[in-house]
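Here is the structure we will look at.
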Amino acid sequence: MIQKRSIALCIVLTFVTCGIYGLYWIAKINDEINAIANDQQAPSGGVVILLSIVTCGIYSIYWCYKMGEKVDYINQQRGIPSSGTAVLYLILGLFISIVAYALMQDSINKTLDFDAARYQQPNNQ
């Protein structure tokens, strides 16, 4: 189930656990964005973590770019203007990846809020 997460709490937990929570967070971000985008062919969060470790972080930079493309696609599906997210995530992935993860989580949270507001039925009583 996709859930909203506190970005500040995720960042603090990542630092407090010396990055271990960050790995879990990346896996959840991956799985949740893929679920929202309905991309069933995408690699799972565990595979993303494994490939990032095996490639010494190179795959994680590519992954940031692909997540940006998916965020743009998700926003297009909902009629929300979005462009350049992939390049932004790529640049942040190169230098300050935790900021890219925070922006990805923010996109998930905003999408959940948008979908909840869109599908909310008015109470006719």
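In the structure tokens, each chain is lettered A, B, ... as it comes, each chain's residues begin at 1, and ligands are numbered from 1 in order of appearance.
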
| request: Enumerate the residues of range 11-113 of chain A with a DSSP assignment of alpha helix (DSSP H), computed from the backbone, and present them as a PyMOL selection string. | output: chain A and resi 11-16+20-36+45-54+58-77+85-95+97-113

Could those residues be written to a file, using C-alpha atoms, as a PDB file, in the first residue's frame?
ATOM      1  CA  ILE A  11      15.967  12.257   6.212  1.00  0.00           C
ATOM      2  CA  VAL A  12      16.574  12.183   9.966  1.00  0.00           C
ATOM      3  CA  LEU A  13      16.168   8.398  10.102  1.00  0.00           C
ATOM      4  CA  THR A  14      18.585   8.032   7.192  1.00  0.00           C
ATOM      5  CA  PHE A  15      21.256   9.977   9.079  1.00  0.00           C
ATOM      6  CA  VAL A  16      20.557   8.356  12.460  1.00  0.00           C
ATOM      7  CA  ILE A  20      20.344   1.918   6.400  1.00  0.00           C
ATOM      8  CA  TYR A  21      16.898   3.521   6.506  1.00  0.00           C
ATOM      9  CA  GLY A  22      17.848   5.363   3.325  1.00  0.00           C
ATOM     10  CA  LEU A  23      18.169   2.042   1.503  1.00  0.00           C
ATOM     11  CA  TYR A  24      14.703   1.024   2.689  1.00  0.00           C
ATOM     12  CA  TRP A  25      13.362   4.445   1.687  1.00  0.00           C
ATOM     13  CA  ILE A  26      14.828   4.134  -1.825  1.00  0.00           C
ATOM     14  CA  ALA A  27      13.239   0.710  -2.239  1.00  0.00           C
ATOM     15  CA  LYS A  28       9.849   2.052  -1.104  1.00  0.00           C
ATOM     16  CA  ILE A  29      10.099   5.136  -3.349  1.00  0.00           C
ATOM     17  CA  ASN A  30      10.907   2.882  -6.305  1.00  0.00           C
ATOM     18  CA  ASP A  31       8.044   0.478  -5.652  1.00  0.00           C
ATOM     19  CA  GLU A  32       5.513   3.236  -4.985  1.00  0.00           C
ATOM     20  CA  ILE A  33       6.371   5.340  -8.049  1.00  0.00           C
ATOM     21  CA  ASN A  34       6.246   2.212 -10.204  1.00  0.00           C
ATOM     22  CA  ALA A  35       2.845   1.333  -8.723  1.00  0.00           C
ATOM     23  CA  ILE A  36       1.470   4.833  -9.331  1.00  0.00           C
ATOM     24  CA  GLY A  45      13.222  -1.826  -4.988  1.00  0.00           C
ATOM     25  CA  GLY A  46      15.462  -4.674  -3.870  1.00  0.00           C
ATOM     26  CA  VAL A  47      16.928  -5.008  -7.353  1.00  0.00           C
ATOM     27  CA  VAL A  48      17.572  -1.253  -7.452  1.00  0.00           C
ATOM     28  CA  ILE A  49      19.475  -1.440  -4.162  1.00  0.00           C
ATOM     29  CA  LEU A  50      21.456  -4.488  -5.301  1.00  0.00           C
ATOM     30  CA  LEU A  51      22.400  -2.936  -8.651  1.00  0.00           C
ATOM     31  CA  SER A  52      23.370   0.316  -6.949  1.00  0.00           C
ATOM     32  CA  ILE A  53      25.696  -1.537  -4.578  1.00  0.00           C
ATOM     33  CA  VAL A  54      27.195  -3.755  -7.300  1.00  0.00           C
ATOM     34  CA  ILE A  58      26.423   4.328 -10.856  1.00  0.00           C
ATOM     35  CA  TYR A  59      23.058   2.590 -11.240  1.00  0.00           C
ATOM     36  CA  SER A  60      21.526   4.860  -8.586  1.00  0.00           C
ATOM     37  CA  ILE A  61      22.316   7.904 -10.749  1.00  0.00           C
ATOM     38  CA  TYR A  62      20.588   6.274 -13.732  1.00  0.00           C
ATOM     39  CA  TRP A  63      17.722   5.279 -11.434  1.00  0.00           C
ATOM     40  CA  CYS A  64      17.258   8.895 -10.334  1.00  0.00           C
ATOM     41  CA  TYR A  65      16.910   9.901 -13.986  1.00  0.00           C
ATOM     42  CA  LYS A  66      14.348   7.150 -14.683  1.00  0.00           C
ATOM     43  CA  MET A  67      12.329   8.102 -11.600  1.00  0.00           C
ATOM     44  CA  GLY A  68      12.233  11.680 -12.888  1.00  0.00           C
ATOM     45  CA  GLU A  69      10.823  10.436 -16.194  1.00  0.00           C
ATOM     46  CA  LYS A  70       8.171   8.464 -14.321  1.00  0.00           C
ATOM     47  CA  VAL A  71       7.246  11.448 -12.141  1.00  0.00           C
ATOM     48  CA  ASP A  72       6.780  13.524 -15.313  1.00  0.00           C
ATOM     49  CA  TYR A  73       4.634  10.719 -16.781  1.00  0.00           C
ATOM     50  CA  ILE A  74       2.523  10.492 -13.614  1.00  0.00           C
ATOM     51  CA  ASN A  75       1.959  14.248 -13.656  1.00  0.00           C
ATOM     52  CA  GLN A  76       1.033  14.192 -17.358  1.00  0.00           C
ATOM     53  CA  GLN A  77      -1.542  11.480 -16.668  1.00  0.00           C
ATOM     54  CA  THR A  85      12.238  16.487 -13.516  1.00  0.00           C
ATOM     55  CA  ALA A  86      14.439  13.724 -14.913  1.00  0.00           C
ATOM     56  CA  VAL A  87      17.381  16.076 -15.496  1.00  0.00           C
ATOM     57  CA  LEU A  88      16.916  17.666 -12.068  1.00  0.00           C
ATOM     58  CA  TYR A  89      16.921  14.251 -10.358  1.00  0.00           C
ATOM     59  CA  LEU A  90      19.976  13.217 -12.406  1.00  0.00           C
ATOM     60  CA  ILE A  91      21.963  16.270 -11.312  1.00  0.00           C
ATOM     61  CA  LEU A  92      20.872  15.882  -7.697  1.00  0.00           C
ATOM     62  CA  GLY A  93      21.661  12.158  -7.863  1.00  0.00           C
ATOM     63  CA  LEU A  94      25.205  13.036  -8.860  1.00  0.00           C
ATOM     64  CA  PHE A  95      25.821  15.470  -6.016  1.00  0.00           C
ATOM     65  CA  SER A  97      21.108  12.296  -3.756  1.00  0.00           C
ATOM     66  CA  ILE A  98      19.125  12.621  -0.531  1.00  0.00           C
ATOM     67  CA  VAL A  99      17.551  15.798  -1.931  1.00  0.00           C
ATOM     68  CA  ALA A 100      16.474  13.840  -5.024  1.00  0.00           C
ATOM     69  CA  TYR A 101      14.898  11.210  -2.764  1.00  0.00           C
ATOM     70  CA  ALA A 102      13.100  13.935  -0.804  1.00  0.00           C
ATOM     71  CA  LEU A 103      11.712  15.416  -4.033  1.00  0.00           C
ATOM     72  CA  MET A 104      10.591  11.963  -5.172  1.00  0.00           C
ATOM     73  CA  GLN A 105       8.802  11.433  -1.866  1.00  0.00           C
ATOM     74  CA  ASP A 106       7.221  14.862  -2.210  1.00  0.00           C
ATOM     75  CA  SER A 107       5.927  13.859  -5.642  1.00  0.00           C
ATOM     76  CA  ILE A 108       4.449  10.674  -4.186  1.00  0.00           C
ATOM     77  CA  ASN A 109       2.782  12.633  -1.366  1.00  0.00           C
ATOM     78  CA  LYS A 110       1.361  15.213  -3.797  1.00  0.00           C
ATOM     79  CA  THR A 111       0.070  12.501  -6.127  1.00  0.00           C
ATOM     80  CA  LEU A 112      -1.684  10.753  -3.248  1.00  0.00           C
ATOM     81  CA  ASP A 113      -3.275  14.061  -2.179  1.00  0.00           C
TER      82      ASP A 113
END

| What gap, in Å, lies between CA of Arg118 in chain A and CA of Gly79 in chain A? |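 These atoms are spaced 11.8 Å apart.
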